[in-house]
>>> print(open('start.pdb').read())   # PDB, C-alpha atoms
ATOM      1  CA  MET W  52      -9.209 -15.266   1.763
ATOM      2  CA  ILE W  53      -6.460 -15.032   4.363
ATOM      3  CA  ASP W  54      -4.793 -11.651   4.542
ATOM      4  CA  PRO W  55      -1.135 -12.128   5.503
ATOM      5  CA  ASP W  56      -1.083  -8.612   6.956
ATOM      6  CA  ALA W  57      -4.254  -8.827   9.062
ATOM      7  CA  GLU W  58      -2.569  -9.598  12.387
ATOM      8  CA  LEU W  59       0.234  -7.066  11.849
ATOM      9  CA  VAL W  60      -2.278  -4.350  11.010
ATOM     10  CA  ARG W  61      -4.407  -5.160  14.060
ATOM     11  CA  ASN W  62      -1.376  -5.106  16.356
ATOM     12  CA  ALA W  63       0.092  -1.970  14.793
ATOM     13  CA  GLY W  64      -3.281  -0.281  15.235
ATOM     14  CA  ALA W  65      -3.199  -1.216  18.920
ATOM     15  CA  GLY W  66       0.163   0.505  19.287
ATOM     16  CA  ASP W  67       2.530  -2.454  18.932
ATOM     17  CA  ALA W  68       5.784  -0.856  17.735
ATOM     18  CA  ARG W  69       7.224  -4.154  16.479
ATOM     19  CA  ALA W  70       4.176  -4.792  14.308
ATOM     20  CA  ALA W  71       4.412  -1.267  12.879
ATOM     21  CA  ASP W  72       8.099  -1.826  12.139
ATOM     22  CA  ALA W  73       7.350  -5.133  10.398
ATOM     23  CA  LEU W  74       4.639  -3.495   8.271
ATOM     24  CA  VAL W  75       7.035  -0.747   7.216
ATOM     25  CA  ARG W  76       9.806  -3.204   6.364
ATOM     26  CA  ARG W  77       7.394  -5.358   4.362
ATOM     27  CA  HIS W  78       5.653  -2.632   2.389
ATOM     28  CA  LEU W  79       7.722   0.549   2.270
ATOM     29  CA  PRO W  80      10.025  -0.583  -0.578
ATOM     30  CA  LYS W  81       6.998  -1.592  -2.642
ATOM     31  CA  MET W  82       5.240   1.725  -2.046
ATOM     32  CA  ILE W  83       8.353   3.676  -3.005
ATOM     33  CA  GLY W  84       8.827   1.461  -6.063
ATOM     34  CA  LEU W  85       5.275   2.098  -7.226
ATOM     35  CA  ALA W  86       5.515   5.857  -6.719
ATOM     36  CA  ARG W  87       9.019   6.085  -8.183
ATOM     37  CA  ARG W  88       7.928   4.343 -11.379
ATOM     38  CA  MET W  89       4.694   6.298 -11.650
ATOM     39  CA  LEU W  90       6.241   9.714 -10.930
ATOM     40  CA  ASN W  91       9.878   9.249 -11.998
ATOM     41  CA  ASP W  92      10.934  11.354  -9.036
ATOM     42  CA  GLY W  93      12.658   9.882  -5.983
ATOM     43  CA  ALA W  94      11.792  12.691  -3.569
ATOM     44  CA  GLU W  95       8.132  12.733  -4.572
ATOM     45  CA  ALA W  96       8.043   8.948  -4.320
ATOM     46  CA  GLU W  97       9.211   9.174  -0.712
ATOM     47  CA  ASP W  98       6.530  11.786   0.033
ATOM     48  CA  VAL W  99       3.874   9.485  -1.409
ATOM     49  CA  ALA W 100       5.141   6.508   0.595
ATOM     50  CA  GLN W 101       5.080   8.566   3.777
ATOM     51  CA  GLU W 102       1.546   9.725   3.057
ATOM     52  CA  VAL W 103       0.432   6.140   2.440
ATOM     53  CA  PHE W 104       1.730   5.110   5.849
ATOM     54  CA  LEU W 105       0.100   8.071   7.592
ATOM     55  CA  ARG W 106      -3.179   6.725   6.227
ATOM     56  CA  VAL W 107      -2.216   3.219   7.296
ATOM     57  CA  TRP W 108      -1.678   4.399  10.872
ATOM     58  CA  ARG W 109      -4.999   6.249  10.802
ATOM     59  CA  GLU W 110      -6.934   3.265   9.438
ATOM     60  CA  ALA W 111      -5.139   0.461  11.292
ATOM     61  CA  PRO W 112      -7.032   0.761  14.616
ATOM     62  CA  ARG W 113     -10.341   0.232  12.824
ATOM     63  CA  TRP W 114      -9.178  -2.034   9.979
ATOM     64  CA  LYS W 115     -11.445  -5.028   9.411
ATOM     65  CA  PRO W 116     -10.306  -7.780   7.047
ATOM     66  CA  GLY W 117     -12.772  -7.711   4.190
ATOM     67  CA  ALA W 118     -12.938  -8.373   0.504
ATOM     68  CA  ALA W 119      -9.670  -6.617  -0.359
ATOM     69  CA  LYS W 120      -6.294  -7.521   1.071
ATOM     70  CA  PHE W 121      -4.545  -4.817   3.081
ATOM     71  CA  GLU W 122      -1.697  -4.715   0.556
ATOM     72  CA  THR W 123      -4.169  -4.138  -2.279
ATOM     73  CA  TRP W 124      -5.734  -1.282  -0.301
ATOM     74  CA  MET W 125      -2.268   0.254   0.203
ATOM     75  CA  HIS W 126      -1.566   0.004  -3.521
ATOM     76  CA  ARG W 127      -4.859   1.709  -4.290
ATOM     77  CA  VAL W 128      -4.046   4.566  -1.890
ATOM     78  CA  ALA W 129      -0.540   4.950  -3.344
ATOM     79  CA  LEU W 130      -1.807   4.902  -6.913
ATOM     80  CA  ASN W 131      -4.439   7.545  -6.165
ATOM     81  CA  LEU W 132      -1.838   9.758  -4.500
ATOM     82  CA  CYS W 133       0.339   9.393  -7.622
ATOM     83  CA  TYR W 134      -2.602  10.282  -9.859
ATOM     84  CA  ASP W 135      -3.194  13.418  -7.715
ATOM     85  CA  ARG W 136       0.410  14.494  -8.139
ATOM     86  CA  LEU W 137       0.396  13.790 -11.865
ATOM     87  CA  ARG W 138      -2.777  15.849 -12.220
ATOM     88  CA  ARG W 139      -1.223  18.738 -10.263
ATOM     89  CA  ARG W 140       1.829  18.556 -12.540
ATOM     90  CA  ARG W 141      -0.404  18.800 -15.590
ATOM     91  CA  GLU W 142      -2.285  21.754 -14.092
ATOM     92  CA  LYS W 143       0.954  23.546 -13.301
ATOM     93  CA  SER W 144       2.411  22.276 -16.584
ATOM     94  CA  ASP W 145       5.850  22.134 -15.015
ATOM     95  CA  PRO W 146       8.131  21.018 -17.863
ATOM     96  CA  ASP W 147      10.832  19.754 -15.493
ATOM     97  CA  ALA W 148       8.588  17.671 -13.239
ATOM     98  CA  GLY W 149       9.414  14.001 -13.333
ATOM     99  CA  LEU W 150      12.509  14.449 -15.447
ATOM    100  CA  TYR W 151      15.555  12.535 -14.449
ATOM    101  CA  VAL W 152      18.123  14.635 -12.609
ATOM    102  CA  ALA W 153      21.656  13.391 -13.216
ATOM    103  CA  ASP W 154      23.394  11.978 -10.173
ATOM    104  CA  HIS W 155      26.740  13.763  -9.932
ATOM    105  CA  ARG W 156      28.062  11.973  -6.878
ATOM    106  CA  PRO W 157      31.371  10.239  -7.505
ATOM    107  CA  MET W 158      30.896   6.522  -8.136
ATOM    108  CA  PRO W 159      32.635   3.678  -9.978
ATOM    109  CA  THR W 160      32.150   3.701 -13.751
ATOM    110  CA  GLU W 161      30.083   0.512 -13.789
ATOM    111  CA  GLN W 162      27.742   1.894 -11.159
ATOM    112  CA  TRP W 163      27.486   5.175 -13.052
ATOM    113  CA  LEU W 164      26.611   3.322 -16.262
ATOM    114  CA  ALA W 165      23.985   1.286 -14.438
ATOM    115  CA  ARG W 166      22.442   4.517 -13.109
ATOM    116  CA  GLN W 167      22.360   5.978 -16.605
ATOM    117  CA  ARG W 168      20.630   2.899 -18.002
ATOM    118  CA  GLU W 169      18.210   2.876 -15.089
ATOM    119  CA  ALA W 170      17.425   6.560 -15.647
ATOM    120  CA  ARG W 171      16.859   5.992 -19.338
ATOM    121  CA  VAL W 172      14.317   3.222 -18.720
ATOM    122  CA  HIS W 173      12.586   5.223 -15.988
ATOM    123  CA  THR W 174      12.264   8.157 -18.362
ATOM    124  CA  ALA W 175      10.825   5.907 -21.071
ATOM    125  CA  LEU W 176       8.406   4.470 -18.514
ATOM    126  CA  ALA W 177       7.415   7.996 -17.475
ATOM    127  CA  GLY W 178       6.706   8.800 -21.121
ATOM    128  CA  LEU W 179       4.044   6.085 -21.402
ATOM    129  CA  PRO W 180       0.387   7.116 -21.278
ATOM    130  CA  GLU W 181      -0.712   7.103 -17.623
ATOM    131  CA  ARG W 182      -2.977   4.042 -17.849
ATOM    132  CA  GLN W 183      -0.393   1.925 -19.667
ATOM    133  CA  ARG W 184       2.227   2.927 -17.115
ATOM    134  CA  ALA W 185      -0.064   2.136 -14.189
ATOM    135  CA  ALA W 186      -0.894  -1.290 -15.671
ATOM    136  CA  LEU W 187       2.787  -2.146 -16.173
ATOM    137  CA  VAL W 188       3.763  -0.887 -12.726
ATOM    138  CA  LEU W 189       1.025  -2.803 -10.933
ATOM    139  CA  VAL W 190       1.421  -6.110 -12.784
ATOM    140  CA  HIS W 191       5.072  -6.283 -13.835
ATOM    141  CA  PHE W 192       6.807  -4.483 -10.969
ATOM    142  CA  GLN W 193       4.399  -4.722  -8.030
ATOM    143  CA  GLU W 194       3.429  -8.243  -9.081
ATOM    144  CA  LEU W 195      -0.247  -7.818  -8.293
ATOM    145  CA  SER W 196      -2.584 -10.405  -9.778
ATOM    146  CA  ASN W 197      -4.271  -9.430 -13.029
ATOM    147  CA  ILE W 198      -7.647  -9.448 -11.248
ATOM    148  CA  ALA W 199      -6.459  -7.116  -8.450
ATOM    149  CA  ALA W 200      -4.775  -4.760 -10.928
ATOM    150  CA  ALA W 201      -7.798  -4.669 -13.235
ATOM    151  CA  GLU W 202     -10.083  -3.945 -10.284
ATOM    152  CA  MET W 203      -7.787  -1.161  -9.110
ATOM    153  CA  LEU W 204      -7.833   0.451 -12.534
ATOM    154  CA  GLY W 205     -11.589  -0.078 -12.871
ATOM    155  CA  ILE W 206     -11.299  -2.143 -16.054
ATOM    156  CA  SER W 207     -11.746  -5.742 -17.191
ATOM    157  CA  VAL W 208      -8.854  -8.226 -17.238
ATOM    158  CA  GLU W 209      -9.078  -8.194 -21.026
ATOM    159  CA  ALA W 210      -8.658  -4.410 -21.100
ATOM    160  CA  LEU W 211      -5.765  -4.695 -18.639
ATOM    161  CA  GLU W 212      -3.997  -7.177 -20.909
ATOM    162  CA  SER W 213      -4.451  -4.826 -23.828
ATOM    163  CA  LEU W 214      -2.948  -1.926 -21.809
ATOM    164  CA  LEU W 215      -0.014  -4.119 -20.779
ATOM    165  CA  ALA W 216       0.720  -5.217 -24.324
ATOM    166  CA  ARG W 217       0.531  -1.648 -25.662
ATOM    167  CA  GLY W 218       2.693  -0.388 -22.805
ATOM    168  CA  ARG W 219       5.390  -2.973 -23.492
ATOM    169  CA  ARG W 220       5.373  -2.230 -27.230
ATOM    170  CA  THR W 221       5.561   1.536 -26.669
ATOM    171  CA  LEU W 222       8.405   1.143 -24.195
ATOM    172  CA  LYS W 223      10.384  -0.965 -26.649
ATOM    173  CA  ALA W 224       9.912   1.646 -29.357
ATOM    174  CA  ALA W 225      10.956   4.450 -26.998
ATOM    175  CA  LEU W 226      14.175   2.623 -26.154
ATOM    176  CA  ALA W 227      14.945   1.426 -29.675
ATOM    177  CA  ASP W 228      18.173   3.455 -29.926
ATOM    178  CA  VAL W 229      19.686   1.933 -26.780
ATOM    179  CA  ALA W 230      17.866  -1.410 -26.734
ATOM    180  CA  ALA W 231      20.847  -3.491 -27.872
ATOM    181  CA  ASP W 232      23.037  -2.064 -25.118
ATOM    182  CA  LEU W 233      20.366  -2.443 -22.442
ATOM    183  CA  ILE W 234      19.429  -5.973 -23.443
ATOM    184  CA  GLY W 235      23.077  -7.035 -23.611
ATOM    185  CA  ASP W 236      23.703  -5.546 -20.180
ATOM    186  CA  ALA W 237      20.722  -7.397 -18.728
ATOM    187  CA  GLY W 238      22.324 -10.676 -19.781
ATOM    188  CA  GLY W 239      20.676 -10.888 -23.190
ATOM    189  CA  VAL W 240      17.836 -13.287 -23.826
ATOM    190  CA  SER W 241      17.872 -16.978 -23.042
ATOM    191  CA  SER W 242      15.679 -19.839 -24.115
ATOM    192  CA  VAL W 243      12.481 -20.278 -22.119
TER
ATOM    193  CA  MET G 169      -5.404 -22.829 -25.204
ATOM    194  CA  ASP G 170      -5.025 -21.623 -28.753
ATOM    195  CA  ARG G 171      -2.271 -19.634 -30.391
ATOM    196  CA  ALA G 172      -4.160 -16.341 -30.134
ATOM    197  CA  ARG G 173      -4.532 -16.671 -26.364
ATOM    198  CA  PHE G 174      -0.898 -17.689 -25.959
ATOM    199  CA  GLU G 175       0.242 -14.663 -27.942
ATOM    200  CA  THR G 176      -2.045 -12.361 -25.920
ATOM    201  CA  LEU G 177      -0.536 -13.635 -22.671
ATOM    202  CA  LEU G 178       2.999 -13.331 -24.038
ATOM    203  CA  ALA G 179       2.414  -9.760 -25.208
ATOM    204  CA  ALA G 180       0.830  -8.717 -21.904
ATOM    205  CA  TYR G 181       2.878 -10.511 -19.244
ATOM    206  CA  GLY G 182       6.193 -11.179 -21.001
ATOM    207  CA  ALA G 183       8.186 -14.331 -21.527
ATOM    208  CA  ASP G 184       8.479 -15.362 -17.862
ATOM    209  CA  ARG G 185       5.492 -17.630 -17.347
ATOM    210  CA  ASN G 186       5.736 -17.212 -13.573
ATOM    211  CA  ARG G 187       4.197 -13.808 -14.234
ATOM    212  CA  TRP G 188       1.264 -15.279 -16.168
ATOM    213  CA  PRO G 189      -2.152 -15.858 -14.568
ATOM    214  CA  GLU G 190      -1.713 -18.952 -12.442
ATOM    215  CA  GLU G 191      -4.793 -20.683 -13.776
ATOM    216  CA  GLU G 192      -3.460 -20.572 -17.352
ATOM    217  CA  ARG G 193       0.172 -21.524 -16.784
ATOM    218  CA  ALA G 194      -0.140 -25.296 -17.133
ATOM    219  CA  GLU G 195      -2.066 -25.030 -20.386
ATOM    220  CA  ALA G 196       0.383 -22.433 -21.673
ATOM    221  CA  ASP G 197       3.354 -24.682 -20.864
ATOM    222  CA  ALA G 198       1.719 -27.586 -22.673
ATOM    223  CA  PHE G 199       0.946 -25.365 -25.650
ATOM    224  CA  LEU G 200       4.540 -24.122 -25.743
ATOM    225  CA  GLU G 201       5.916 -27.668 -25.673
ATOM    226  CA  ARG G 202       3.870 -28.483 -28.754
ATOM    227  CA  HIS G 203       4.604 -25.285 -30.695
ATOM    228  CA  ARG G 204       7.962 -24.062 -29.453
ATOM    229  CA  ALA G 205       9.561 -23.890 -32.891
ATOM    230  CA  ASP G 206       6.757 -21.678 -34.246
ATOM    231  CA  LEU G 207       6.889 -19.318 -31.283
ATOM    232  CA  ASP G 208      10.616 -18.644 -31.093
ATOM    233  CA  GLU G 209      10.430 -15.181 -32.585
ATOM    234  CA  GLU G 210       7.587 -13.993 -30.352
ATOM    235  CA  LEU G 211       9.293 -15.403 -27.281
ATOM    236  CA  LYS G 212      12.541 -13.633 -28.108
ATOM    237  CA  ALA G 213      10.742 -10.301 -28.635
ATOM    238  CA  ALA G 214       8.983 -10.647 -25.273
ATOM    239  CA  GLN G 215      12.261 -11.518 -23.541
ATOM    240  CA  GLU G 216      13.880  -8.412 -24.950
ATOM    241  CA  ILE G 217      11.200  -6.211 -23.415
ATOM    242  CA  ASP G 218      11.581  -8.070 -20.110
ATOM    243  CA  ALA G 219      15.303  -7.292 -20.251
ATOM    244  CA  LEU G 220      14.586  -3.594 -20.832
ATOM    245  CA  LEU G 221      12.151  -3.486 -17.921
ATOM    246  CA  SER G 222      14.696  -5.138 -15.629
ATOM    247  CA  HIS G 223      16.676  -1.869 -15.686
ATOM    248  CA  ALA G 224      13.834   0.105 -14.064
ATOM    249  CA  VAL G 225      14.957  -0.817 -10.575
ATOM    250  CA  ALA G 226      13.943   1.398  -7.696
ATOM    251  CA  THR G 227      16.242   0.824  -4.767
ATOM    252  CA  PRO G 228      15.440   3.467  -2.182
ATOM    253  CA  GLU G 229      17.517   4.325   0.871
ATOM    254  CA  LEU G 230      15.013   3.590   3.577
ATOM    255  CA  GLY G 231      16.790   4.505   6.826
ATOM    256  CA  GLY G 232      15.620   8.046   7.527
ATOM    257  CA  LEU G 233      12.258   7.581   5.857
ATOM    258  CA  SER G 234      11.450   4.452   7.887
ATOM    259  CA  ALA G 235      12.292   6.287  11.097
ATOM    260  CA  SER G 236      10.024   9.242  10.363
ATOM    261  CA  ILE G 237       7.188   6.943   9.265
ATOM    262  CA  LEU G 238       7.506   4.873  12.434
ATOM    263  CA  ALA G 239       7.582   8.022  14.578
ATOM    264  CA  ALA G 240       4.008   8.700  13.425
ATOM    265  CA  ALA G 241       2.757   5.155  14.146
ATOM    266  CA  PRO G 242       0.143   4.615  16.873
ATOM    267  CA  ARG G 243       1.648   4.183  20.334
ATOM    268  CA  ARG G 244       0.447   1.766  22.969
ATOM    269  CA  SER G 245       0.554   4.501  25.641
ATOM    270  CA  GLU G 246      -1.905   6.569  23.620
ATOM    271  CA  GLY G 247      -4.221   3.599  23.597
ATOM    272  CA  PHE G 248      -3.852   3.223  27.360
ATOM    273  CA  ASP G 249      -4.639   6.904  27.917
ATOM    274  CA  ARG G 250      -7.769   6.533  25.875
ATOM    275  CA  ARG G 251      -8.799   3.514  27.910
ATOM    276  CA  ALA G 252      -7.971   5.338  31.133
ATOM    277  CA  TRP G 253     -10.226   8.207  30.133
ATOM    278  CA  LEU G 254     -12.985   5.759  29.316
ATOM    279  CA  ALA G 255     -12.546   4.075  32.706
ATOM    280  CA  LEU G 256     -12.688   7.424  34.484
ATOM    281  CA  ALA G 257     -15.833   8.391  32.618
ATOM    282  CA  ALA G 258     -17.390   5.015  33.475
ATOM    283  CA  CYS G 259     -16.524   5.519  37.177
ATOM    284  CA  ALA G 260     -18.122   8.970  37.167
ATOM    285  CA  VAL G 261     -21.322   7.643  35.628
ATOM    286  CA  PHE G 262     -21.346   4.736  38.090
ATOM    287  CA  GLY G 263     -20.903   7.178  40.987
ATOM    288  CA  VAL G 264     -23.830   9.282  39.855
ATOM    289  CA  VAL G 265     -26.025   6.201  39.387
ATOM    290  CA  LEU G 266     -24.994   4.842  42.790
ATOM    291  CA  GLY G 267     -25.729   8.136  44.490
ATOM    292  CA  TYR G 268     -29.106   8.463  42.873
ATOM    293  CA  GLY G 269     -30.056   4.823  43.476
ATOM    294  CA  GLY G 270     -28.792   4.963  47.047
ATOM    295  CA  GLY G 271     -31.014   7.950  47.696
ATOM    296  CA  LEU G 272     -34.032   6.056  46.456
ATOM    297  CA  LEU G 273     -33.257   3.077  48.693
ATOM    298  CA  ALA G 274     -32.826   5.201  51.873
ATOM    299  CA  PRO G 275     -35.788   5.378  54.338
ATOM    300  CA  ALA G 276     -38.195   8.157  53.553
ATOM    301  CA  PRO G 277     -37.506  11.298  55.604
ATOM    302  CA  ILE G 278     -39.749  11.819  58.570
ATOM    303  CA  GLU G 279     -41.854  14.785  57.801
ATOM    304  CA  ASP G 280     -44.235  14.495  60.727
ATOM    305  CA  ASP G 281     -43.170  17.151  63.298
ATOM    306  CA  SER G 282     -45.193  15.485  66.047
ATOM    307  CA  TYR G 283     -42.230  13.189  66.856
ATOM    308  CA  PHE G 284     -40.096  16.230  67.601
ATOM    309  CA  ALA G 285     -42.864  17.848  69.546
ATOM    310  CA  MET G 286     -43.339  14.698  71.613
ATOM    311  CA  ALA G 287     -39.633  14.512  72.253
ATOM    312  CA  PHE G 288     -39.654  17.971  73.884
ATOM    313  CA  GLU G 289     -43.005  17.656  75.569
ATOM    314  CA  ALA G 290     -42.542  14.259  77.195
ATOM    315  CA  PRO G 291     -41.194  14.507  80.747
ATOM    316  CA  MET G 292     -37.566  13.485  81.004
ATOM    317  CA  ALA G 293     -36.427  11.011  83.601
ATOM    318  CA  GLY G 294     -35.361  12.957  86.670
ATOM    319  CA  ASP G 295     -37.771  15.811  85.981
ATOM    320  CA  GLU G 296     -40.271  14.357  88.326
ATOM    321  CA  GLY G 297     -40.047  15.292  91.836
TER
END
>>> encode(input="start.pdb", output="structure tokens")
Amino acid sequence: MIDPDAELVRNAGAGDARAADALVRRHLPKMIGLARRMLNDGAEAEDVAQEVFLRVWREAPRWKPGAAKFETWMHRVALNLCYDRLRRRREKSDPDAGLYVADHRPMPTEQWLARQREARVHTALAGLPERQRAALVLVHFQELSNIAAAEMLGISVEALESLLARGRRTLKAALADVAADLIGDAGGVSSV
Amino acid sequence: MDRARFETLLAAYGADRNRWPEEERAEADAFLERHRADLDEELKAAQEIDALLSHAVATPELGGLSASILAAAPRRSEGFDRRAWLALAACAVFGVVLGYGGGLLAPAPIEDDSYFAMAFEAPMAGDEG
């Protein structure tokens, strides 16, 4: 298996600033996306992404391409950091944690509406049971292979598919009251 | 591929077959061609969920965050310093080894005092007479 990141990681570990920059540009949006969808909190998502990269810099000098791709390893680290934060939230039982905070900055109406729809779906996603949410985030949004995602969650591909299906059904039910509006705004459905 | 497997894939991965496991796509496409009319309703339901999920975008502003992440990245100069320290340590060890080995190779010290005694006792040229 060829790891597309192997050379960048080796060079970044040796102190090559351009390689480090390329790694950040390639993976930072994905790490933030994963954390944002798992935690439903932009600031916490940035903290998680930063922590992932601190570990990347620590591991890079001694990284050896092995069974797992570097990107898969990064996803695993990010997911575990999200699980830690979710657990801490539960322990503190902070009722406001992960709730969408309205964006009051002035913006065009269309943009404002888009933000509202986005927030509504993020909140519905955040309401899914943790395992269903993780499965959807890894496969649908992060576009990991079903095998990599199942391995990361410590389950079989069959169990992953069951989590995905339940997650999608639950999400649809949670958004039932606004589904028509959201689906219409996304361009409706077309023949496949 | 049978209908049950097709429906499982549709329910799990959605209507976009590019998201389906690569090894099953061709069979799924063939199955769909044969049974499209029967699957219309399921396909539409899956597409609706795909449309809902498409709103969960996460477009971060990366500028400041990228900069602080890169500020913590390993630097080449740090690597050089480490190598320099290693080189210095290697030189020190080499020096010690050289000194010790050189000592072993040197002629054994003359411990017999008779040479010195002879040197003082022997008559010097010009003493005679």
>>> residues_around(input="start.pdb", residues="Ala96 in chain W", least_positions_apart="2", cutoff="12 Å", atoms="all atoms listed in the file", output="compact mmCIF listing (two decimals) with C-alpha atoms, in the coordinates of the input")
# COMPACT_ATOMS: atom_id res chain seq x y z
CA LEU W 79 7.72 0.55 2.27
CA PRO W 80 10.02 -0.58 -0.58
CA LYS W 81 7.00 -1.59 -2.64
CA MET W 82 5.24 1.72 -2.05
CA ILE W 83 8.35 3.68 -3.00
CA GLY W 84 8.83 1.46 -6.06
CA LEU W 85 5.28 2.10 -7.23
CA ALA W 86 5.52 5.86 -6.72
CA ARG W 87 9.02 6.08 -8.18
CA ARG W 88 7.93 4.34 -11.38
CA MET W 89 4.69 6.30 -11.65
CA LEU W 90 6.24 9.71 -10.93
CA ASN W 91 9.88 9.25 -12.00
CA ASP W 92 10.93 11.35 -9.04
CA GLY W 93 12.66 9.88 -5.98
CA ALA W 94 11.79 12.69 -3.57
CA ASP W 98 6.53 11.79 0.03
CA VAL W 99 3.87 9.48 -1.41
CA ALA W 100 5.14 6.51 0.60
CA GLN W 101 5.08 8.57 3.78
CA GLU W 102 1.55 9.72 3.06
CA VAL W 103 0.43 6.14 2.44
CA ALA W 129 -0.54 4.95 -3.34
CA LEU W 130 -1.81 4.90 -6.91
CA LEU W 132 -1.84 9.76 -4.50
CA CYS W 133 0.34 9.39 -7.62
CA ARG W 136 0.41 14.49 -8.14
CA LEU W 137 0.40 13.79 -11.86
CA GLY W 149 9.41 14.00 -13.33
CA ALA G 226 13.94 1.40 -7.70
CA THR G 227 16.24 0.82 -4.77
CA PRO G 228 15.44 3.47 -2.18
CA GLU G 229 17.52 4.32 0.87
CA LEU G 230 15.01 3.59 3.58
CA LEU G 233 12.26 7.58 5.86
>>> interface_residues(input="start.pdb", of="chain W", to="chain G", cutoff="6 Å", atoms="only C-alpha atoms", output="ChimeraX atom specification")
/W:66,84,108,169,172-173,212,215-216,234,237,240
>>> write_last_selection(input="start.pdb", atoms="C-alpha atoms", output="PDB file, keeping the file's coordinate frame")
ATOM      1  CA  GLY W  66       0.163   0.505  19.287  1.00  0.00           C
ATOM      2  CA  GLY W  84       8.827   1.461  -6.063  1.00  0.00           C
ATOM      3  CA  TRP W 108      -1.678   4.399  10.872  1.00  0.00           C
ATOM      4  CA  GLU W 169      18.210   2.876 -15.089  1.00  0.00           C
ATOM      5  CA  VAL W 172      14.317   3.222 -18.720  1.00  0.00           C
ATOM      6  CA  HIS W 173      12.586   5.223 -15.988  1.00  0.00           C
ATOM      7  CA  GLU W 212      -3.997  -7.177 -20.909  1.00  0.00           C
ATOM      8  CA  LEU W 215      -0.014  -4.119 -20.779  1.00  0.00           C
ATOM      9  CA  ALA W 216       0.720  -5.217 -24.324  1.00  0.00           C
ATOM     10  CA  ILE W 234      19.429  -5.973 -23.443  1.00  0.00           C
ATOM     11  CA  ALA W 237      20.722  -7.397 -18.728  1.00  0.00           C
ATOM     12  CA  VAL W 240      17.836 -13.287 -23.826  1.00  0.00           C
TER      13      VAL W 240
END
>>> resolve_selection(input="start.pdb", expression="the PyMOL selection byres ((chain W and resi 210) around 12)", output="ChimeraX atom specification")
/W:182-183,186,197-198,200-202,204-209,211-217 /G:176,180
>>> atom_distance(input="start.pdb", atom1="CA of Met169 in chain G", atom2="CA of Ala196 in chain G")
6.8 Å
>>> residues_around(input="start.pdb", residues="Pro55 in chain W", least_positions_apart="3", cutoff="12 Å", atoms="all atoms listed in the file", output="PyMOL selection string")
chain W and resi 52+58-61+74+77+116+119-123
>>> atom_distance(input="start.pdb", atom1="CA of Gly218 in chain W", atom2="CA of Leu207 in chain G")
21.2 Å
>>> closest_residue(input="start.pdb", among="W:Ala185, W:Asp67, W:Arg113, W:Asp236", to="Glu161 in chain W", atoms="only C-alpha atoms")
W:Asp236
>>> closest_residue(input="start.pdb", among="G:Gly232, G:Leu256, G:Glu209, G:Phe174", to="Glu195 in chain G", atoms="all atoms listed in the file")
G:Phe174
>>> atom_distance(input="start.pdb", atom1="CA of Leu164 in chain W", atom2="CA of Arg220 in chain W")
24.5 Å
>>> axis_aligned_box(input="start.pdb", around="range 187-195 of chain G", padding_each_side="5 Å", output="AutoDock Vina command-line options")
--center_x -0.3 --center_y -19.6 --center_z -16.4 --size_x 19.0 --size_y 21.5 --size_z 17.9
>>> resolve_selection(input="start.pdb", expression="the PyMOL selection byres ((chain W and resi 226) around 10)", output="ChimeraX atom specification")
/W:171-172,174-176,221-225,227-231,233 /G:217,220
>>> decode(input="start.pdb", residues="range 220-230 of chain G", atoms="N, CA and C atoms", output="PDB file, in the first residue's frame")
ATOM      1  N   LEU G 220     -30.224  16.333   2.743  1.00  0.00           N
ATOM      2  CA  LEU G 220     -30.181  16.887   4.103  1.00  0.00           C
ATOM      3  C   LEU G 220     -28.734  16.973   4.597  1.00  0.00           C
ATOM      4  N   LEU G 221     -27.995  15.891   4.369  1.00  0.00           N
ATOM      5  CA  LEU G 221     -26.602  15.856   4.836  1.00  0.00           C
ATOM      6  C   LEU G 221     -25.738  16.909   4.136  1.00  0.00           C
ATOM      7  N   SER G 222     -26.118  17.269   2.916  1.00  0.00           N
ATOM      8  CA  SER G 222     -25.290  18.227   2.168  1.00  0.00           C
ATOM      9  C   SER G 222     -25.277  19.600   2.844  1.00  0.00           C
ATOM     10  N   HIS G 223     -26.208  19.836   3.768  1.00  0.00           N
ATOM     11  CA  HIS G 223     -26.220  21.130   4.474  1.00  0.00           C
ATOM     12  C   HIS G 223     -25.209  21.172   5.623  1.00  0.00           C
ATOM     13  N   ALA G 224     -24.715  20.017   6.044  1.00  0.00           N
ATOM     14  CA  ALA G 224     -23.793  19.995   7.198  1.00  0.00           C
ATOM     15  C   ALA G 224     -22.377  20.310   6.748  1.00  0.00           C
ATOM     16  N   VAL G 225     -22.233  21.451   6.079  1.00  0.00           N
ATOM     17  CA  VAL G 225     -20.894  21.836   5.621  1.00  0.00           C
ATOM     18  C   VAL G 225     -20.104  22.336   6.825  1.00  0.00           C
ATOM     19  N   ALA G 226     -18.821  22.280   6.722  1.00  0.00           N
ATOM     20  CA  ALA G 226     -17.961  22.802   7.787  1.00  0.00           C
ATOM     21  C   ALA G 226     -16.823  23.533   7.100  1.00  0.00           C
ATOM     22  N   THR G 227     -17.049  24.821   6.865  1.00  0.00           N
ATOM     23  CA  THR G 227     -16.023  25.587   6.150  1.00  0.00           C
ATOM     24  C   THR G 227     -15.287  26.491   7.136  1.00  0.00           C
ATOM     25  N   PRO G 228     -14.183  26.023   7.648  1.00  0.00           N
ATOM     26  CA  PRO G 228     -13.462  26.793   8.660  1.00  0.00           C
ATOM     27  C   PRO G 228     -12.636  27.922   8.039  1.00  0.00           C
ATOM     28  N   GLU G 229     -12.356  28.934   8.848  1.00  0.00           N
ATOM     29  CA  GLU G 229     -11.403  29.966   8.420  1.00  0.00           C
ATOM     30  C   GLU G 229     -10.046  29.520   8.949  1.00  0.00           C
ATOM     31  N   LEU G 230      -9.156  29.201   8.007  1.00  0.00           N
ATOM     32  CA  LEU G 230      -7.945  28.488   8.415  1.00  0.00           C
ATOM     33  C   LEU G 230      -6.733  29.372   8.700  1.00  0.00           C
TER      34      LEU G 230
END
